[in-house]
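The block underneath contains the structure these notes are about, expressed in structure tokens.
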Amino acid sequence: MIHVEPVLVGTSHGTDDPAGQAAVRALLDGVRAARPGLDVREAFVDVQQPELGKVLAGAVADAGSAVVVPLLLSTGYHVQVDIAEAVAAVNASGSLAVAAEPMGPDPRLVDLLAERLAAVGPRPEDELVLAAAGSSVAAAAVAVEEVTRGLAERLGRPVAASYGAGARPRVPDAVAAARASLAERAGPAGSGAGGAGRVVVASYLLAPGYFQDRVLEAGADVVSEPLALPGAADPRLVALVLDRYDEAAARLPR
């Protein structure tokens, strides 16, 4: 009997932003190139089509099994509800599908985050804020805090976590607090050394889209690019997706 590998269903939130769509598509193209012969399909939990349930059902019908890999940086509603319910639906008649862990936290994301931040040239006097999408699920904030600590250790300086939704502080509030810290350091009339400091935001978002736009509007002086961009996918993101796939595939019955 020929063993057919489970289909990899890369599942992202979805976006109306063409650059965001291209970035996610490039990531999955990178996965296909890194593992020729693996059936890689794209699905979404919101905004875009095709929806996860239909893609997953088709993948199981075609190959017998599938792994849903969340193209999401932390857990949250989409992982715990949307993806879990889609997997449960196809598994109603047997163990045919499994959900992988989300992409983060992971040291490779910290590496890439540090590179994106380095590209905008943070200065020693700047205040640094990490901006994540956010979720009302407590475990999501724990994951973001782990990445924030990792980035702070990598850079050897403080980094404040913030969120676009769900958790607090929200990005504009964290930017305002960083701005106040700069003003306090500067002293009266900006006379201190801190007067040259800026608020620099490290975007802990997977791709361009709604949340990146909101981060850009939050009042920071500089914002780094998200982790995935249109064009060739970063090999670390590709490897991370495949690692999540392999870990989850090992749980499927042979």
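Every chain in the structure tokens has a letter given in the order shown (A, B, ...), and although residue numbers restart at 1 in each chain, ligands are simply numbered from 1 in the order shown.
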Exercise for the section: From a DSSP calculation on the backbone, collect every residue of range 15-121 of chain A in helix (DSSP H, G or I) and output the set as a ChimeraX atom specification. Expected result: /A:18-34,52-63,77-93,107-118
Go through range 74-133 of chain A residue by residue and, counting only C-alpha atoms, keep those with an atom at most 12 Å from range 237-243 of chain A; for each kept residue give the shortest atom pair and its distance in Å to one decimal, ordered by chain and increasing number, as CSV.
```
residue,atom,partner,partner_atom,distance
A:Ala100,CA,A:Val241,CA,9.3
A:Glu101,CA,A:Val241,CA,9.6
A:Pro102,CA,A:Val241,CA,8.8
A:Met103,CA,A:Leu240,CA,6.7
A:Gly104,CA,A:Leu240,CA,9.1
A:Pro105,CA,A:Leu240,CA,10.6
A:Asp106,CA,A:Leu240,CA,8.4
A:Pro107,CA,A:Leu240,CA,10.1
A:Arg108,CA,A:Leu237,CA,7.7
A:Leu109,CA,A:Leu237,CA,7.7
A:Val110,CA,A:Leu237,CA,11.3
A:Asp111,CA,A:Leu237,CA,10.6
A:Leu112,CA,A:Leu237,CA,8.8
A:Leu113,CA,A:Leu237,CA,11.4
```
Exercise for the section: Skip Ala66 in chain A itself and residues of its chain fewer than 5 positions away, then list as number ranges by chain all residues within 6 Å of it, counting only C-alpha atoms. Expected result: A: 6-8, 60, 97
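Across A:Val222, A:Leu71, A:Val47, A:Ala133, the tightest approach to Leu28 in chain A is made by A:Leu71 when counting only C-alpha atoms.
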Within 8 Å of range 209-214 of chain A, which residues of range 16-104 of chain A come that close, and what is the closest atom pair and distance in Å for each? Count only C-alpha atoms and give it as a Markdown table.
```
| residue | atom | partner | partner_atom | distance |
| --- | --- | --- | --- | --- |
| A:Asp16 | CA | A:Gly209 | CA | 7.1 |
| A:Asp17 | CA | A:Gly209 | CA | 5.2 |
| A:Ala19 | CA | A:Gly209 | CA | 7.5 |
| A:Gly20 | CA | A:Gly209 | CA | 5.5 |
```
Output C-alpha atoms for every residue in that selection, as a PDB file, in the first residue's frame.
```
ATOM      1  CA  ASP A  16      -8.775  42.309   1.862  1.00  0.00           C
ATOM      2  CA  ASP A  17      -5.263  43.720   1.524  1.00  0.00           C
ATOM      3  CA  ALA A  19      -0.166  42.701  -0.149  1.00  0.00           C
ATOM      4  CA  GLY A  20      -1.348  40.573   2.763  1.00  0.00           C
TER       5      GLY A  20
END
```
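By only C-alpha atoms, and with residues fewer than 3 positions from Leu155 in chain A along its chain excluded, the set lying at most 8 Å from it is Ala114, Leu151 and Ala152 of chain A.
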Just all heavy atoms for this one: save the residues we selected as a compact mmCIF listing (two decimals), in the first residue's frame.
```txt
# COMPACT_ATOMS: atom_id res chain seq x y z
N ALA A 114 13.45 40.61 15.29
CA ALA A 114 14.63 41.44 15.54
C ALA A 114 15.20 41.98 14.23
O ALA A 114 15.65 43.14 14.17
CB ALA A 114 15.68 40.64 16.29
N LEU A 151 12.47 39.00 22.61
CA LEU A 151 13.00 40.13 21.85
C LEU A 151 13.81 41.06 22.74
O LEU A 151 14.88 41.54 22.36
CB LEU A 151 11.86 40.88 21.17
CG LEU A 151 12.26 42.07 20.30
CD1 LEU A 151 13.15 41.62 19.14
CD2 LEU A 151 11.02 42.79 19.77
N ALA A 152 13.30 41.32 23.94
CA ALA A 152 14.02 42.19 24.87
C ALA A 152 15.38 41.60 25.24
O ALA A 152 16.39 42.32 25.32
CB ALA A 152 13.17 42.40 26.14
```
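Our summary of the geometry notes that CA of Ser136 in chain A is positioned 21.9 Å from CA of Leu52 in chain A.
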Exercise for the section: Pick out the residues sitting within 8 Å of range 201-204 of chain A, and hand them over as a ChimeraX atom specification; count only C-alpha atoms, and ignore anything fewer than 5 positions along from it in its own chain. Expected result: /A:113,116-117,128-133,212,215,220,222-227
Handout entry: Spatial neighbours of Asp62 in chain A, max dist 12 Å, only C-alpha atoms, sep filter under 5 positions, as a ChimeraX atom specification
Key = /A:4-7,39,41,55-57,96
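Residue nearest Glu42 in chain A within the list A:Arg236, A:Arg149, A:His13, A:Arg179: A:His13 [criterion: smallest interatomic distance, only C-alpha atoms].
Neighbours of Thr11 in chain A closer than or equal to 8 Å, with only C-alpha atoms counted and sequence neighbours fewer than 5 positions away skipped, come out as Glu42, Ala43, Phe44, Val45, Leu52, Val68, Val69, Pro70, Leu71 and Leu72 of chain A.
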Atoms kept (all heavy atoms) for selection, written as an mmCIF file, in the first residue's frame:
```cif
data_model
loop_
_atom_site.group_PDB
_atom_site.id
_atom_site.type_symbol
_atom_site.label_atom_id
_atom_site.label_comp_id
_atom_site.auth_asym_id
_atom_site.auth_seq_id
_atom_site.Cartn_x
_atom_site.Cartn_y
_atom_site.Cartn_z
ATOM 1 N N GLU A 42 -4.708 26.097 0.659
ATOM 2 C CA GLU A 42 -4.914 27.341 1.407
ATOM 3 C C GLU A 42 -6.374 27.455 1.819
ATOM 4 O O GLU A 42 -7.284 27.160 1.049
ATOM 5 C CB GLU A 42 -4.527 28.533 0.537
ATOM 6 C CG GLU A 42 -4.538 29.866 1.257
ATOM 7 C CD GLU A 42 -3.989 30.984 0.388
ATOM 8 O OE1 GLU A 42 -4.107 30.886 -0.854
ATOM 9 O OE2 GLU A 42 -3.444 31.956 0.934
ATOM 10 N N ALA A 43 -6.594 27.902 3.074
ATOM 11 C CA ALA A 43 -7.949 28.114 3.575
ATOM 12 C C ALA A 43 -7.941 29.311 4.516
ATOM 13 O O ALA A 43 -6.882 29.775 4.954
ATOM 14 C CB ALA A 43 -8.458 26.865 4.297
ATOM 15 N N PHE A 44 -9.154 29.782 4.840
ATOM 16 C CA PHE A 44 -9.285 30.987 5.652
ATOM 17 C C PHE A 44 -10.407 30.811 6.677
ATOM 18 O O PHE A 44 -11.365 30.072 6.444
ATOM 19 C CB PHE A 44 -9.595 32.193 4.756
ATOM 20 C CG PHE A 44 -8.605 32.364 3.639
ATOM 21 C CD1 PHE A 44 -8.842 31.803 2.390
ATOM 22 C CD2 PHE A 44 -7.430 33.051 3.837
ATOM 23 C CE1 PHE A 44 -7.932 31.938 1.359
ATOM 24 C CE2 PHE A 44 -6.509 33.198 2.806
ATOM 25 C CZ PHE A 44 -6.753 32.632 1.564
ATOM 26 N N VAL A 45 -10.258 31.524 7.790
ATOM 27 C CA VAL A 45 -11.311 31.493 8.805
ATOM 28 C C VAL A 45 -12.183 32.743 8.755
ATOM 29 O O VAL A 45 -13.220 32.814 9.424
ATOM 30 C CB VAL A 45 -10.716 31.324 10.224
ATOM 31 C CG1 VAL A 45 -10.104 29.951 10.383
ATOM 32 C CG2 VAL A 45 -9.698 32.417 10.536
ATOM 33 N N LEU A 52 -12.348 27.275 5.592
ATOM 34 C CA LEU A 52 -11.619 26.108 6.076
ATOM 35 C C LEU A 52 -12.423 24.816 5.984
ATOM 36 O O LEU A 52 -11.890 23.784 5.552
ATOM 37 C CB LEU A 52 -11.176 26.342 7.528
ATOM 38 C CG LEU A 52 -10.538 25.146 8.233
ATOM 39 C CD1 LEU A 52 -9.314 24.651 7.486
ATOM 40 C CD2 LEU A 52 -10.199 25.505 9.674
ATOM 41 N N VAL A 68 -4.321 20.698 9.652
ATOM 42 C CA VAL A 68 -4.573 22.136 9.565
ATOM 43 C C VAL A 68 -3.446 22.854 10.299
ATOM 44 O O VAL A 68 -3.261 22.657 11.506
ATOM 45 C CB VAL A 68 -5.925 22.509 10.194
ATOM 46 C CG1 VAL A 68 -6.139 24.020 10.109
ATOM 47 C CG2 VAL A 68 -7.056 21.763 9.515
ATOM 48 N N VAL A 69 -2.687 23.649 9.584
ATOM 49 C CA VAL A 69 -1.621 24.438 10.199
ATOM 50 C C VAL A 69 -2.085 25.884 10.292
ATOM 51 O O VAL A 69 -2.249 26.554 9.262
ATOM 52 C CB VAL A 69 -0.311 24.365 9.390
ATOM 53 C CG1 VAL A 69 0.769 25.214 10.057
ATOM 54 C CG2 VAL A 69 0.155 22.918 9.263
ATOM 55 N N PRO A 70 -2.328 26.382 11.506
ATOM 56 C CA PRO A 70 -2.761 27.781 11.640
ATOM 57 C C PRO A 70 -1.629 28.735 11.263
ATOM 58 O O PRO A 70 -0.555 28.704 11.884
ATOM 59 C CB PRO A 70 -3.110 27.902 13.130
ATOM 60 C CG PRO A 70 -3.256 26.489 13.629
ATOM 61 C CD PRO A 70 -2.309 25.687 12.806
ATOM 62 N N LEU A 71 -1.845 29.532 10.255
ATOM 63 C CA LEU A 71 -0.890 30.579 9.903
ATOM 64 C C LEU A 71 -1.220 31.798 10.762
ATOM 65 O O LEU A 71 -1.589 32.873 10.276
ATOM 66 C CB LEU A 71 -0.964 30.886 8.409
ATOM 67 C CG LEU A 71 -0.757 29.679 7.485
ATOM 68 C CD1 LEU A 71 -0.825 30.115 6.026
ATOM 69 C CD2 LEU A 71 0.542 28.954 7.783
ATOM 70 N N LEU A 72 -1.095 31.570 12.044
ATOM 71 C CA LEU A 72 -1.430 32.546 13.081
ATOM 72 C C LEU A 72 -0.306 32.528 14.101
ATOM 73 O O LEU A 72 0.279 31.467 14.378
ATOM 74 C CB LEU A 72 -2.765 32.191 13.745
ATOM 75 C CG LEU A 72 -3.971 32.099 12.799
ATOM 76 C CD1 LEU A 72 -5.140 31.389 13.479
ATOM 77 C CD2 LEU A 72 -4.390 33.500 12.353
#
```
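Straight-line separation from CA of Gly14 in chain A to CA of His78 in chain A: 11.3 Å.
Remark: for Glu85 in chain A, the closest of the candidate residues A:Val67, A:Gly53, A:Ala249, A:Ala177 is A:Gly53 (distances computed over only C-alpha atoms).
Comparing A:Arg185, A:Arg168, A:Arg157, A:Arg254 by their smallest distance to Val144 in chain A, the closest is A:Arg168 (using only C-alpha atoms).
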Practice task
Extract the full set of strand (DSSP E) residues from range 28-69 of chain A according to DSSP on the backbone, and format it as a PyMOL selection string.
Solution key: chain A and resi 40-44+66-69
Mind writing the picked residues with N, CA, C and O atoms as an mmCIF file, in the first residue's frame?
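So the final result, stored in selection31.cif, reads:
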```
data_model
loop_
_atom_site.group_PDB
_atom_site.id
_atom_site.type_symbol
_atom_site.label_atom_id
_atom_site.label_comp_id
_atom_site.auth_asym_id
_atom_site.auth_seq_id
_atom_site.Cartn_x
_atom_site.Cartn_y
_atom_site.Cartn_z
ATOM 1 N N VAL A 40 -0.324 20.949 -0.561
ATOM 2 C CA VAL A 40 -0.498 22.125 0.298
ATOM 3 C C VAL A 40 -1.675 22.933 -0.227
ATOM 4 O O VAL A 40 -1.679 23.355 -1.391
ATOM 5 N N ARG A 41 -2.666 23.144 0.636
ATOM 6 C CA ARG A 41 -3.849 23.900 0.240
ATOM 7 C C ARG A 41 -4.050 25.086 1.184
ATOM 8 O O ARG A 41 -3.642 25.048 2.342
ATOM 9 N N GLU A 42 -4.708 26.097 0.659
ATOM 10 C CA GLU A 42 -4.914 27.341 1.407
ATOM 11 C C GLU A 42 -6.374 27.455 1.819
ATOM 12 O O GLU A 42 -7.284 27.160 1.049
ATOM 13 N N ALA A 43 -6.594 27.902 3.074
ATOM 14 C CA ALA A 43 -7.949 28.114 3.575
ATOM 15 C C ALA A 43 -7.941 29.311 4.516
ATOM 16 O O ALA A 43 -6.882 29.775 4.954
ATOM 17 N N PHE A 44 -9.154 29.782 4.840
ATOM 18 C CA PHE A 44 -9.285 30.987 5.652
ATOM 19 C C PHE A 44 -10.407 30.811 6.677
ATOM 20 O O PHE A 44 -11.365 30.072 6.444
ATOM 21 N N ALA A 66 -5.611 14.951 6.827
ATOM 22 C CA ALA A 66 -5.126 16.317 6.623
ATOM 23 C C ALA A 66 -4.673 16.908 7.946
ATOM 24 O O ALA A 66 -5.131 16.506 9.027
ATOM 25 N N VAL A 67 -3.761 17.851 7.850
ATOM 26 C CA VAL A 67 -3.286 18.614 8.999
ATOM 27 C C VAL A 67 -3.582 20.083 8.745
ATOM 28 O O VAL A 67 -3.154 20.639 7.732
ATOM 29 N N VAL A 68 -4.321 20.698 9.652
ATOM 30 C CA VAL A 68 -4.573 22.136 9.565
ATOM 31 C C VAL A 68 -3.446 22.854 10.299
ATOM 32 O O VAL A 68 -3.261 22.657 11.506
ATOM 33 N N VAL A 69 -2.687 23.649 9.584
ATOM 34 C CA VAL A 69 -1.621 24.438 10.199
ATOM 35 C C VAL A 69 -2.085 25.884 10.292
ATOM 36 O O VAL A 69 -2.249 26.554 9.262
#
```
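Taking only C-alpha atoms into account, Pro253 in chain A lies nearest to A:Val98 out of the set A:Val142, A:Val98, A:Ala161, A:Ala63.
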